[in-house]
>>> print(open('data_7.cif').read())   # mmCIF, C-alpha atoms and all ligand atoms
data_model
#
loop_
_atom_site.label_atom_id
_atom_site.label_comp_id
_atom_site.auth_asym_id
_atom_site.auth_seq_id
_atom_site.Cartn_x
_atom_site.Cartn_y
_atom_site.Cartn_z
CA MET U 1 -24.20 18.23 -14.66
CA THR U 2 -24.09 19.73 -18.13
CA VAL U 3 -20.76 18.99 -19.78
CA LEU U 4 -19.08 20.29 -22.92
CA LEU U 5 -16.32 18.12 -24.38
CA LEU U 6 -14.01 19.77 -26.95
CA GLY U 7 -12.53 17.76 -29.81
CA SER U 8 -13.46 15.45 -32.65
CA GLY U 9 -11.22 12.38 -32.63
CA GLY U 10 -11.24 8.83 -31.37
CA ARG U 11 -10.01 10.12 -28.01
CA GLU U 12 -13.07 12.33 -27.68
CA SER U 13 -15.34 9.45 -28.72
CA ALA U 14 -13.94 7.35 -25.89
CA LEU U 15 -14.21 10.23 -23.40
CA ALA U 16 -17.79 10.93 -24.53
CA TRP U 17 -18.68 7.24 -24.20
CA LYS U 18 -17.34 7.21 -20.65
CA ILE U 19 -18.73 10.57 -19.49
CA SER U 20 -22.18 9.80 -20.92
CA GLN U 21 -22.44 6.74 -18.65
CA SER U 22 -22.11 8.87 -15.53
CA ALA U 23 -25.08 9.09 -13.20
CA GLN U 24 -24.11 12.75 -12.76
CA CYS U 25 -24.21 13.58 -16.49
CA SER U 26 -27.50 15.31 -17.32
CA HIS U 27 -26.35 16.47 -20.73
CA LEU U 28 -23.20 16.08 -22.80
CA PHE U 29 -22.32 18.34 -25.72
CA ILE U 30 -19.38 17.51 -27.98
CA ALA U 31 -17.81 20.29 -30.06
CA PRO U 32 -17.45 19.60 -32.87
CA GLY U 33 -17.59 15.80 -32.39
CA ASN U 34 -17.77 13.38 -35.31
CA GLY U 35 -20.08 10.91 -37.04
CA GLY U 36 -20.13 8.65 -33.97
CA THR U 37 -20.22 11.00 -30.98
CA GLY U 38 -23.89 11.82 -31.53
CA ALA U 39 -24.62 8.45 -29.90
CA PHE U 40 -23.30 9.80 -26.59
CA GLY U 41 -24.53 13.39 -26.62
CA THR U 42 -25.24 16.35 -28.87
CA ASN U 43 -22.69 17.44 -31.46
CA VAL U 44 -22.26 21.20 -31.67
CA ALA U 45 -20.61 22.96 -34.62
CA LEU U 46 -18.07 24.98 -32.63
CA LYS U 47 -14.33 25.29 -33.13
CA PRO U 48 -12.42 24.30 -29.95
CA THR U 49 -10.18 27.36 -30.36
CA ASP U 50 -13.02 29.87 -30.84
CA PHE U 51 -13.19 30.83 -27.16
CA PRO U 52 -15.80 33.64 -27.43
CA ALA U 53 -18.17 31.31 -29.32
CA ILE U 54 -17.62 28.58 -26.71
CA GLU U 55 -18.31 31.06 -23.92
CA ALA U 56 -21.56 32.20 -25.59
CA PHE U 57 -22.64 28.57 -26.02
CA CYS U 58 -21.86 27.75 -22.38
CA ARG U 59 -23.90 30.73 -21.15
CA GLU U 60 -26.84 29.84 -23.36
CA HIS U 61 -26.90 26.13 -22.47
CA GLY U 62 -25.87 26.22 -18.82
CA VAL U 63 -22.64 24.28 -19.30
CA GLU U 64 -21.01 23.64 -15.91
CA LEU U 65 -17.87 21.74 -16.89
CA ILE U 66 -15.65 21.94 -19.98
CA VAL U 67 -13.41 18.96 -20.72
CA VAL U 68 -10.71 19.82 -23.25
CA GLY U 69 -9.73 16.81 -25.37
CA ASN U 70 -7.00 18.17 -27.63
CA GLU U 71 -3.95 20.31 -26.96
CA ASP U 72 -4.56 23.27 -29.28
CA PRO U 73 -7.13 25.12 -27.12
CA LEU U 74 -4.97 24.49 -24.02
CA VAL U 75 -1.79 25.85 -25.57
CA ALA U 76 -3.87 28.79 -26.90
CA GLY U 77 -5.00 29.52 -23.32
CA ILE U 78 -8.61 28.40 -23.00
CA ARG U 79 -8.29 28.09 -19.20
CA ASP U 80 -6.87 31.62 -18.99
CA TYR U 81 -9.65 32.92 -21.26
CA PHE U 82 -12.38 31.48 -19.01
CA ALA U 83 -10.59 32.60 -15.84
CA SER U 84 -10.85 36.17 -17.15
CA ASN U 85 -14.22 36.07 -18.88
CA MET U 86 -16.31 33.49 -17.04
CA PRO U 87 -14.50 32.62 -13.81
CA GLU U 88 -17.34 30.41 -12.52
CA MET U 89 -16.73 27.90 -15.35
CA ARG U 90 -15.04 24.66 -14.30
CA LEU U 91 -12.55 23.29 -16.83
CA VAL U 92 -10.38 20.18 -17.14
CA GLY U 93 -7.05 21.15 -18.68
CA PRO U 94 -4.10 23.34 -17.71
CA GLY U 95 -3.62 27.03 -18.47
CA ALA U 96 -1.16 28.16 -21.12
CA ASP U 97 1.63 28.04 -18.50
CA GLY U 98 1.12 24.30 -17.84
CA ALA U 99 0.30 23.54 -21.48
CA ALA U 100 3.83 24.68 -22.35
CA LEU U 101 4.90 21.21 -21.18
CA GLU U 102 3.56 20.08 -24.56
CA GLY U 103 3.70 23.40 -26.46
CA SER U 104 7.43 23.88 -25.97
CA LYS U 105 9.88 20.97 -25.85
CA ASP U 106 12.56 23.39 -24.61
CA PHE U 107 10.31 24.39 -21.68
CA ALA U 108 9.58 20.71 -20.95
CA LYS U 109 13.28 19.79 -20.95
CA LYS U 110 14.13 22.71 -18.63
CA PHE U 111 11.26 21.67 -16.33
CA MET U 112 12.58 18.10 -16.14
CA GLN U 113 16.13 19.29 -15.51
CA ARG U 114 14.98 21.70 -12.79
CA HIS U 115 13.05 18.97 -10.98
CA GLY U 116 15.46 16.08 -11.47
CA ILE U 117 13.15 14.04 -13.71
CA PRO U 118 14.98 11.42 -15.81
CA THR U 119 15.10 12.31 -19.53
CA ALA U 120 17.59 12.31 -22.40
CA ALA U 121 20.49 14.82 -22.24
CA TYR U 122 19.87 17.75 -24.58
CA CYS U 123 20.77 21.23 -25.82
CA SER U 124 18.55 23.80 -27.58
CA PHE U 125 19.55 25.94 -30.55
CA THR U 126 18.18 28.84 -32.61
CA SER U 127 19.26 30.33 -35.97
CA GLU U 128 21.80 32.45 -34.06
CA THR U 129 23.47 29.35 -32.60
CA VAL U 130 23.22 26.98 -35.55
CA ASP U 131 27.02 26.51 -35.75
CA ALA U 132 27.12 25.55 -32.08
CA GLY U 133 24.28 23.13 -32.85
CA CYS U 134 26.36 21.45 -35.55
CA GLU U 135 29.30 21.19 -33.15
CA PHE U 136 27.01 19.69 -30.52
CA LEU U 137 25.83 17.06 -33.03
CA GLN U 138 29.48 16.07 -33.54
CA THR U 139 29.78 15.21 -29.84
CA LEU U 140 26.81 12.78 -29.99
CA ARG U 141 26.62 9.24 -31.23
CA PRO U 142 24.07 8.45 -33.97
CA PRO U 143 21.17 8.31 -34.42
CA TYR U 144 20.58 12.03 -33.90
CA VAL U 145 17.27 13.22 -32.45
CA LEU U 146 16.11 16.68 -33.60
CA LYS U 147 12.87 18.13 -32.24
CA ALA U 148 11.00 21.25 -33.23
CA ASP U 149 10.34 23.18 -30.02
CA GLY U 150 6.70 23.99 -30.77
CA LEU U 151 3.57 22.11 -31.86
CA ALA U 152 4.04 20.51 -35.27
CA ALA U 153 1.03 18.17 -35.46
CA GLY U 154 3.14 15.22 -34.26
CA LYS U 155 5.60 15.59 -37.15
CA GLY U 156 8.26 17.74 -35.50
CA VAL U 157 10.68 14.97 -34.45
CA LEU U 158 13.40 13.77 -36.85
CA ILE U 159 15.61 10.78 -36.08
CA ILE U 160 18.60 10.71 -38.43
CA ASP U 161 21.47 8.22 -38.72
CA ASN U 162 23.96 10.29 -40.70
CA LEU U 163 25.82 13.26 -39.17
CA ASP U 164 25.89 15.41 -42.32
CA GLU U 165 22.19 14.83 -42.89
CA ALA U 166 21.50 15.73 -39.27
CA LYS U 167 23.41 19.01 -39.67
CA ALA U 168 21.53 19.80 -42.88
CA SER U 169 18.20 19.01 -41.20
CA LEU U 170 19.08 21.24 -38.26
CA ARG U 171 19.67 24.14 -40.68
CA GLU U 172 16.40 23.37 -42.51
CA MET U 173 14.42 23.19 -39.27
CA LEU U 174 15.84 26.48 -38.00
CA GLY U 175 15.16 27.92 -41.46
CA GLY U 176 11.43 27.31 -41.07
CA MET U 177 10.81 23.66 -42.00
CA PHE U 178 8.01 23.57 -39.39
CA GLY U 179 7.33 27.31 -39.47
CA LYS U 180 7.56 29.06 -36.13
CA ALA U 181 7.48 25.69 -34.33
CA SER U 182 11.09 25.00 -35.33
CA ALA U 183 12.53 28.47 -34.63
CA THR U 184 14.09 26.66 -31.67
CA VAL U 185 15.30 23.06 -32.05
CA VAL U 186 16.03 20.65 -29.23
CA ILE U 187 18.80 18.14 -29.99
CA GLU U 188 18.87 15.19 -27.65
CA GLU U 189 20.58 11.96 -26.86
CA PHE U 190 18.95 8.92 -28.49
CA LEU U 191 17.36 6.53 -26.00
CA SER U 192 16.82 2.90 -26.84
CA GLY U 193 13.94 0.92 -25.35
CA ILE U 194 10.20 0.19 -25.50
CA GLU U 195 7.80 3.09 -25.03
CA CYS U 196 4.60 3.30 -23.04
CA SER U 197 2.11 6.01 -22.13
CA VAL U 198 1.17 6.84 -18.55
CA PHE U 199 -1.74 9.18 -17.82
CA VAL U 200 -2.24 11.14 -14.63
CA LEU U 201 -5.16 13.28 -13.49
CA THR U 202 -4.12 16.03 -11.12
CA ASP U 203 -6.04 18.80 -9.38
CA GLY U 204 -3.44 21.53 -8.87
CA THR U 205 -3.07 20.92 -5.15
CA GLY U 206 -0.77 17.90 -5.25
CA ASN U 207 -3.48 15.22 -5.45
CA TYR U 208 -3.27 12.88 -8.42
CA ARG U 209 -4.62 9.58 -9.75
CA VAL U 210 -2.83 7.29 -12.19
CA LEU U 211 -4.97 5.97 -15.05
CA PRO U 212 -4.35 2.60 -16.72
CA VAL U 213 -1.04 2.44 -18.59
CA ALA U 214 -1.09 1.86 -22.37
CA LYS U 215 1.19 1.33 -25.34
CA ASP U 216 0.44 2.75 -28.77
CA TYR U 217 1.61 1.79 -32.24
CA LYS U 218 2.82 4.82 -34.19
CA ARG U 219 4.07 3.47 -37.52
CA ILE U 220 1.78 2.80 -40.47
CA GLY U 221 3.35 -0.54 -41.39
CA GLU U 222 3.36 -3.91 -39.69
CA GLY U 223 6.50 -4.65 -37.69
CA ASP U 224 6.72 -0.91 -36.84
CA THR U 225 7.83 0.13 -40.32
CA GLY U 226 7.01 3.09 -42.56
CA LEU U 227 5.84 6.58 -41.70
CA ASN U 228 4.67 7.82 -38.33
CA THR U 229 0.92 8.19 -37.88
CA GLY U 230 -1.30 9.57 -35.14
CA GLY U 231 -1.49 5.98 -33.85
CA MET U 232 -2.67 2.68 -35.31
CA GLY U 233 -3.65 0.83 -32.17
CA ALA U 234 -3.17 0.55 -28.43
CA VAL U 235 -2.98 -2.00 -25.64
CA SER U 236 -3.72 -1.66 -21.94
CA PRO U 237 -2.29 -2.84 -19.58
CA VAL U 238 1.33 -3.12 -20.76
CA PRO U 239 3.06 -6.28 -19.50
CA PHE U 240 6.49 -4.70 -19.05
CA ALA U 241 5.01 -1.81 -17.04
CA ASP U 242 4.78 -4.07 -14.01
CA GLU U 243 4.57 -3.03 -10.37
CA THR U 244 8.33 -2.50 -10.00
CA PHE U 245 8.46 -0.32 -13.12
CA MET U 246 5.34 1.65 -12.17
CA ASN U 247 6.69 2.26 -8.67
CA LYS U 248 9.78 3.83 -10.26
CA VAL U 249 7.53 5.89 -12.55
CA GLU U 250 5.54 7.16 -9.59
CA GLU U 251 8.58 7.89 -7.43
CA ARG U 252 10.90 9.41 -10.02
CA ILE U 253 8.50 10.95 -12.52
CA ILE U 254 4.90 11.44 -11.40
CA ARG U 255 5.55 12.86 -7.93
CA PRO U 256 8.35 15.23 -9.01
CA THR U 257 6.20 16.37 -11.95
CA VAL U 258 3.15 17.14 -9.81
CA SER U 259 5.21 18.82 -7.07
CA GLY U 260 7.40 20.59 -9.67
CA LEU U 261 4.31 22.20 -11.17
CA ILE U 262 3.29 23.49 -7.75
CA LYS U 263 6.83 24.73 -6.96
CA ASP U 264 6.84 26.58 -10.28
CA GLY U 265 3.53 28.24 -9.42
CA ILE U 266 1.58 26.43 -12.16
CA ASP U 267 -2.02 25.63 -11.16
CA TYR U 268 -2.29 22.48 -13.27
CA ARG U 269 -5.75 20.89 -13.30
CA GLY U 270 -6.10 18.23 -15.94
CA PHE U 271 -4.49 15.25 -17.61
CA ILE U 272 -0.74 14.80 -17.79
CA PHE U 273 0.42 12.37 -20.46
CA LEU U 274 3.87 10.94 -19.79
CA GLY U 275 5.45 9.51 -22.92
CA LEU U 276 7.93 7.11 -21.32
CA ILE U 277 10.67 4.83 -22.53
CA ASN U 278 11.90 1.80 -20.63
CA VAL U 279 15.69 1.90 -20.83
CA GLY U 280 16.88 -1.37 -19.30
CA GLY U 281 14.15 -1.32 -16.65
CA GLU U 282 14.55 2.40 -15.87
CA PRO U 283 11.76 4.76 -16.96
CA MET U 284 12.72 8.01 -18.70
CA VAL U 285 10.52 10.74 -20.12
CA ILE U 286 10.47 11.14 -23.91
CA GLU U 287 7.81 13.83 -23.85
CA TYR U 288 4.97 15.38 -21.92
CA ASN U 289 1.56 16.00 -23.39
CA VAL U 290 -1.17 17.92 -21.60
CA ARG U 291 -4.11 15.79 -22.72
CA MET U 292 -4.94 12.12 -23.12
CA GLY U 293 -3.32 10.10 -25.93
CA ASP U 294 -5.06 9.00 -29.08
CA PRO U 295 -5.56 6.03 -29.59
CA GLU U 296 -4.47 5.20 -26.01
CA THR U 297 -7.68 6.74 -24.62
CA GLU U 298 -9.71 4.22 -26.61
CA ALA U 299 -7.98 1.42 -24.65
CA VAL U 300 -7.70 3.29 -21.33
CA MET U 301 -11.28 4.57 -20.86
CA PRO U 302 -12.85 1.11 -21.11
CA ARG U 303 -10.56 0.08 -18.24
CA VAL U 304 -11.64 2.91 -15.94
CA ALA U 305 -14.18 1.17 -13.73
CA SER U 306 -15.08 4.24 -11.64
CA ASP U 307 -17.48 6.93 -12.75
CA LEU U 308 -15.16 9.38 -14.53
CA LEU U 309 -17.27 12.52 -14.28
CA PRO U 310 -16.96 13.08 -10.49
CA LEU U 311 -13.19 12.67 -10.91
CA LEU U 312 -13.06 15.21 -13.73
CA ASP U 313 -15.24 17.63 -11.82
CA ALA U 314 -13.04 17.27 -8.72
CA VAL U 315 -9.94 17.92 -10.83
CA ALA U 316 -11.53 21.12 -12.14
CA ARG U 317 -12.54 22.18 -8.61
CA GLY U 318 -9.10 21.37 -7.20
CA ASN U 319 -10.36 18.81 -4.68
CA LEU U 320 -9.67 15.23 -5.82
CA GLY U 321 -9.52 14.44 -2.10
CA ASP U 322 -9.99 10.72 -1.55
CA LEU U 323 -12.11 10.01 -4.67
CA LYS U 324 -11.30 6.52 -5.90
CA LEU U 325 -10.19 5.57 -9.41
CA ASP U 326 -10.87 1.85 -9.81
CA ILE U 327 -9.41 -0.05 -12.72
CA ASP U 328 -10.99 -2.94 -14.64
CA PRO U 329 -8.53 -5.86 -14.54
CA ARG U 330 -9.36 -7.03 -18.06
CA THR U 331 -7.08 -6.37 -21.03
CA ALA U 332 -8.21 -3.93 -23.71
CA VAL U 333 -6.82 -3.88 -27.25
CA THR U 334 -7.65 -1.13 -29.75
CA VAL U 335 -7.20 -1.49 -33.51
CA MET U 336 -7.57 1.56 -35.77
CA ALA U 337 -8.99 1.41 -39.31
CA VAL U 338 -7.52 4.14 -41.51
CA SER U 339 -8.10 5.55 -44.99
CA GLY U 340 -5.98 4.15 -47.84
CA GLY U 341 -2.96 6.42 -48.37
CA TYR U 342 -2.83 7.70 -44.80
CA PRO U 343 -0.61 9.23 -43.36
CA GLY U 344 -0.07 10.67 -46.85
CA SER U 345 -2.98 12.02 -48.89
CA TYR U 346 -6.22 10.03 -48.86
CA ALA U 347 -9.78 10.29 -50.13
CA LYS U 348 -12.69 11.34 -47.91
CA GLY U 349 -16.41 10.72 -48.16
CA LYS U 350 -16.23 6.92 -48.53
CA VAL U 351 -19.37 5.20 -47.27
CA ILE U 352 -18.78 3.06 -44.19
CA THR U 353 -20.79 -0.11 -43.56
CA GLY U 354 -20.59 -2.95 -41.07
CA THR U 355 -20.65 -0.96 -37.82
CA GLU U 356 -23.55 -3.14 -36.66
CA LEU U 357 -21.29 -6.22 -36.86
CA ALA U 358 -19.00 -5.15 -34.02
CA GLY U 359 -20.58 -7.57 -31.54
CA GLU U 360 -19.28 -6.95 -28.04
CA SER U 361 -16.47 -4.72 -29.31
CA LEU U 362 -16.72 -0.98 -28.79
CA LEU U 363 -16.42 1.24 -31.86
CA PHE U 364 -14.93 4.68 -31.31
CA HIS U 365 -15.30 6.92 -34.33
CA ALA U 366 -12.41 9.22 -35.28
CA GLY U 367 -12.53 10.58 -38.85
CA THR U 368 -16.20 9.98 -39.64
CA ASP U 369 -19.08 12.22 -40.58
CA ILE U 370 -22.73 11.95 -41.56
CA ASP U 371 -23.21 13.14 -45.15
CA ALA U 372 -26.14 15.10 -46.61
CA GLU U 373 -27.96 11.82 -47.32
CA GLY U 374 -27.54 10.64 -43.73
CA ARG U 375 -24.87 8.07 -44.55
CA LEU U 376 -21.84 7.41 -42.36
CA VAL U 377 -18.76 8.41 -44.37
CA THR U 378 -15.02 8.76 -43.86
CA SER U 379 -13.75 12.28 -43.16
CA GLY U 380 -10.19 11.76 -41.93
CA GLY U 381 -7.09 9.58 -41.99
CA ARG U 382 -7.88 7.59 -38.88
CA VAL U 383 -11.50 6.50 -39.31
CA ILE U 384 -12.78 4.13 -36.60
CA ALA U 385 -11.15 2.33 -33.69
CA ALA U 386 -12.42 -0.96 -32.30
CA THR U 387 -11.68 -1.80 -28.68
CA SER U 388 -12.34 -5.19 -27.12
CA TYR U 389 -11.94 -6.60 -23.66
CA GLY U 390 -10.22 -9.92 -23.23
CA THR U 391 -8.82 -12.22 -20.60
CA ASP U 392 -5.41 -11.61 -22.17
CA ILE U 393 -3.86 -9.77 -25.12
CA PRO U 394 -4.46 -12.45 -27.81
CA ASP U 395 -8.12 -12.78 -26.76
CA ALA U 396 -8.79 -9.01 -26.83
CA ALA U 397 -6.80 -8.47 -30.03
CA ALA U 398 -8.62 -11.25 -31.89
CA LYS U 399 -11.99 -9.64 -31.10
CA SER U 400 -10.85 -6.19 -32.25
CA PHE U 401 -9.41 -7.58 -35.49
CA LYS U 402 -12.76 -9.27 -36.12
CA ALA U 403 -14.72 -6.05 -35.53
CA ILE U 404 -12.41 -4.00 -37.77
CA GLY U 405 -12.44 -6.79 -40.37
CA ALA U 406 -16.24 -6.57 -40.49
CA LEU U 407 -16.16 -2.85 -41.25
CA ASP U 408 -16.13 -1.90 -44.89
CA PHE U 409 -15.12 1.26 -46.73
CA GLU U 410 -13.12 1.75 -49.89
CA GLY U 411 -9.39 1.80 -49.12
CA LYS U 412 -9.70 0.51 -45.53
CA TYR U 413 -6.37 -0.43 -43.99
CA TYR U 414 -5.36 -1.61 -40.53
CA ARG U 415 -2.34 -3.19 -38.95
CA ARG U 416 -2.88 -6.86 -38.29
CA ASP U 417 0.03 -7.05 -35.83
CA ILE U 418 -1.20 -4.69 -33.10
CA ALA U 419 -0.13 -6.08 -29.70
CA ASN U 420 1.89 -8.98 -31.23
CA ASP U 421 5.11 -7.61 -29.74
CA LEU U 422 3.64 -7.89 -26.23
CA ILE U 423 2.47 -11.51 -26.47
P1 LIG N 1 7.73 12.98 -29.53
O1 LIG N 1 6.95 13.81 -30.49
O2 LIG N 1 8.63 13.74 -28.62
O3 LIG N 1 6.87 11.95 -28.84
O4 LIG N 1 8.68 12.05 -30.40
C1 LIG N 1 8.14 11.19 -31.35
C2 LIG N 1 8.80 9.85 -31.25
O5 LIG N 1 10.19 9.97 -31.53
C3 LIG N 1 8.73 9.24 -29.87
O6 LIG N 1 7.55 8.58 -29.63
C4 LIG N 1 9.90 8.29 -29.92
O7 LIG N 1 9.54 7.11 -30.59
C5 LIG N 1 10.89 9.03 -30.74
N1 LIG N 1 11.85 9.74 -29.87
C6 LIG N 1 11.72 10.98 -29.39
N2 LIG N 1 12.77 11.32 -28.62
C7 LIG N 1 13.59 10.25 -28.60
C8 LIG N 1 14.85 9.96 -27.98
N3 LIG N 1 15.49 10.86 -27.23
N4 LIG N 1 15.38 8.74 -28.18
C9 LIG N 1 14.76 7.84 -28.96
N5 LIG N 1 13.58 8.04 -29.58
C10 LIG N 1 13.00 9.24 -29.41
N1 LIG N 2 -0.69 8.44 -29.28
C1 LIG N 2 0.21 9.50 -29.04
C2 LIG N 2 -0.43 10.81 -28.85
O1 LIG N 2 -1.61 10.93 -28.64
O2 LIG N 2 0.29 11.81 -28.90
#
>>> encode(input="data_7.cif", output="structure tokens")
Amino acid sequence: MTVLLLGSGGRESALAWKISQSAQCSHLFIAPGNGGTGAFGTNVALKPTDFPAIEAFCREHGVELIVVGNEDPLVAGIRDYFASNMPEMRLVGPGADGAALEGSKDFAKKFMQRHGIPTAAYCSFTSETVDAGCEFLQTLRPPYVLKADGLAAGKGVLIIDNLDEAKASLREMLGGMFGKASATVVIEEFLSGIECSVFVLTDGTGNYRVLPVAKDYKRIGEGDTGLNTGGMGAVSPVPFADETFMNKVEERIIRPTVSGLIKDGIDYRGFIFLGLINVGGEPMVIEYNVRMGDPETEAVMPRVASDLLPLLDAVARGNLGDLKLDIDPRTAVTVMAVSGGYPGSYAKGKVITGTELAGESLLFHAGTDIDAEGRLVTSGGRVIAATSYGTDIPDAAAKSFKAIGALDFEGKYYRRDIANDLI
């Protein structure tokens, strides 16, 4: 099978690594890919949201399956585009209707309410109802959670302790703080607990498989301090997501989500990412995403023991049937090396050395590129993730810290406490 994977991050590196191992994979293209994905296939200079160019490429190269890594093409309707223009193409990822689970927090909240899925209480407001929004804030206890309705590159959620500041932020958001994305703002009840990420593959007909559960580390600083990032590390499995917890997740969240999509007439074929919070042993949904997580994928893919490609192809065809998804029992810990200054401004083009010292650890490139002189250089905030298997969390974490420690580029930073909270 000839496969085209869209995206360029650590998530796509891990997906490319896994897909390329499939006996069914005759050729893998990654568009645009990064400085590391060339090891698993052929990088192609295409923008994931340039649908006509992707279509032309697929026709020319006989692509049979498109796997969409990131949310932007999904929210922009890549499935709908191919359904109209090249209906024979198989694609992993929902249409724009399903992608609204990530593209609109208001839509996602209404979906959860409609289908009885546990989530924080909420109300939505626009510039016309800003005064009602301020009154609603007065009825809540701090901290106040304000979310831009639309995609805001992971920055659209504000958590504010002070009521007056929350009211001011609500006005700023509705006034265009995140552009069109915050024309509607969701205000919700604050939930307290530990978060984890659950990933589901579903085929649009009610069949689904649950991938290994993971926890990511969002803050830049050790001890979960400082600014939010795209993710500084991940662990899979997650000790608190035990069988009892996961049974509740399946019963109360996964099944109603999959059947809710069908009831709503949404033909959802792809990954569903459940951002969950454990509130005193009870799982609640913080958010939906319509793709895999990054860096969770870098810890999850190494734990998928089955060949992934037949599963992805079956999802796209709508016939997961009784295909098995076996899970590797080992623990995987991922540590991300980032550019100095990230998530603020940072330099690019720093030469990276030491990738050959990773030993048994897997390196998944994120923000890397090959420069004109053929050198591996930094090209983004998150640069390279190292994932290691271990018998337990300390064992896997120690190996990943060693691999990341052996990497060298000017300004390299990583959190040395990834997974410590779970030991
Ligand atoms: P989101 O973009 O929806 O994932 O939100 C970003 C982060 O904000 C989440 O990962 C949580 O850590 C936090 N968050 C979002 N909603 C809530 C909530 N209702 N209660 C507590 N924390 C929240
Ligand atoms: N790691 C969280 C995300 O991918 O959104």
>>> closest_residue(input="data_7.cif", among="U:Gly33, U:Gly321, U:Pro394, U:Pro237", to="U:Cys196", atoms="all atoms listed in the file")
U:Pro237
>>> closest_residue(input="data_7.cif", among="U:Ser388, U:Ser26, U:Ser124, U:Asn278", to="U:Phe136", atoms="only C-alpha atoms")
U:Ser124
>>> residues_around(input="data_7.cif", residues="U:Gly93", least_positions_apart="4", cutoff="7 Å", atoms="all atoms listed in the file", output="list of chain:residue names")
U:Val68, U:Leu74, U:Arg269, U:Gly270, U:Phe271
>>> axis_aligned_box(input="data_7.cif", around="ligand LIG 2 (chain N)", padding_each_side="6 Å", output="JSON")
{"center_x": -0.7, "center_y": 10.1, "center_z": -29.0, "size_x": 13.9, "size_y": 15.4, "size_z": 12.6}
>>> residues_around(input="data_7.cif", residues="U:Thr184", least_positions_apart="5", cutoff="9 Å", atoms="all atoms listed in the file", output="ChimeraX atom specification")
/U:106,124-127,147-150,173-174
>>> residues_around(input="data_7.cif", residues="U:Ser339", least_positions_apart="5", cutoff="8 Å", atoms="all atoms listed in the file", output="PyMOL selection string")
chain U and resi 346-348+378+380-383+410-413
>>> write_last_selection(input="data_7.cif", atoms="C-alpha atoms", output="PDB file, keeping the file's coordinate frame")
ATOM      1  CA  TYR U 346      -6.220  10.030 -48.860  1.00  0.00           C
ATOM      2  CA  ALA U 347      -9.780  10.290 -50.130  1.00  0.00           C
ATOM      3  CA  LYS U 348     -12.690  11.340 -47.910  1.00  0.00           C
ATOM      4  CA  THR U 378     -15.020   8.760 -43.860  1.00  0.00           C
ATOM      5  CA  GLY U 380     -10.190  11.760 -41.930  1.00  0.00           C
ATOM      6  CA  GLY U 381      -7.090   9.580 -41.990  1.00  0.00           C
ATOM      7  CA  ARG U 382      -7.880   7.590 -38.880  1.00  0.00           C
ATOM      8  CA  VAL U 383     -11.500   6.500 -39.310  1.00  0.00           C
ATOM      9  CA  GLU U 410     -13.120   1.750 -49.890  1.00  0.00           C
ATOM     10  CA  GLY U 411      -9.390   1.800 -49.120  1.00  0.00           C
ATOM     11  CA  LYS U 412      -9.700   0.510 -45.530  1.00  0.00           C
ATOM     12  CA  TYR U 413      -6.370  -0.430 -43.990  1.00  0.00           C
TER      13      TYR U 413
END
>>> residues_around(input="data_7.cif", residues="U:Arg209", least_positions_apart="6", cutoff="7 Å", atoms="only C-alpha atoms", output="PyMOL selection string")
chain U and resi 200-202+325
>>> residues_near_ligand(input="data_7.cif", ligand="ligand LIG 2 (chain N)", cutoff="7 Å", atoms="all atoms listed in the file", output="number ranges by chain")
U: 154, 216, 230-231, 292-296
>>> atom_distance(input="data_7.cif", atom1="atom CA of U:Leu422", atom2="atom CA of U:Arg330")
15.4 Å
>>> residues_near_ligand(input="data_7.cif", ligand="ligand LIG 1 (chain N)", cutoff="9 Å", atoms="all atoms listed in the file", output="NGL selection string")
:U and (105 or 119-122 or 143-148 or 152-159 or 187-196 or 218 or 228 or 275-277 or 285-289)
>>> atom_distance(input="data_7.cif", atom1="atom CA of U:Val67", atom2="atom CA of U:Leu6")
6.3 Å
>>> atom_distance(input="data_7.cif", atom1="atom CA of U:Phe273", atom2="atom CA of U:Pro142")
27.5 Å
>>> closest_residue(input="data_7.cif", among="U:Phe245, U:Phe51, U:Phe40, U:Phe409", to="U:Ile352", atoms="all atoms listed in the file")
U:Phe409
>>> decode(input="data_7.cif", residues="stretch 324-330 of chain U", atoms="N, CA and C atoms", output="compact mmCIF listing (two decimals), in the first residue's frame")
# COMPACT_ATOMS: atom_id res chain seq x y z
N LYS U 324 -7.32 -7.11 15.50
CA LYS U 324 -6.82 -6.98 16.87
C LYS U 324 -5.87 -5.78 17.01
N LEU U 325 -5.89 -5.16 18.19
CA LEU U 325 -4.89 -4.15 18.51
C LEU U 325 -4.19 -4.65 19.78
N ASP U 326 -3.01 -5.24 19.60
CA ASP U 326 -2.28 -5.76 20.76
C ASP U 326 -1.35 -4.68 21.31
N ILE U 327 -1.20 -4.72 22.63
CA ILE U 327 -0.41 -3.69 23.30
C ILE U 327 0.81 -4.30 23.96
N ASP U 328 1.96 -3.65 23.78
CA ASP U 328 3.21 -4.07 24.40
C ASP U 328 3.14 -3.74 25.89
N PRO U 329 3.38 -4.72 26.77
CA PRO U 329 3.22 -4.46 28.20
C PRO U 329 4.29 -3.55 28.81
N ARG U 330 5.37 -3.31 28.09
CA ARG U 330 6.44 -2.49 28.67
C ARG U 330 5.99 -1.04 28.86
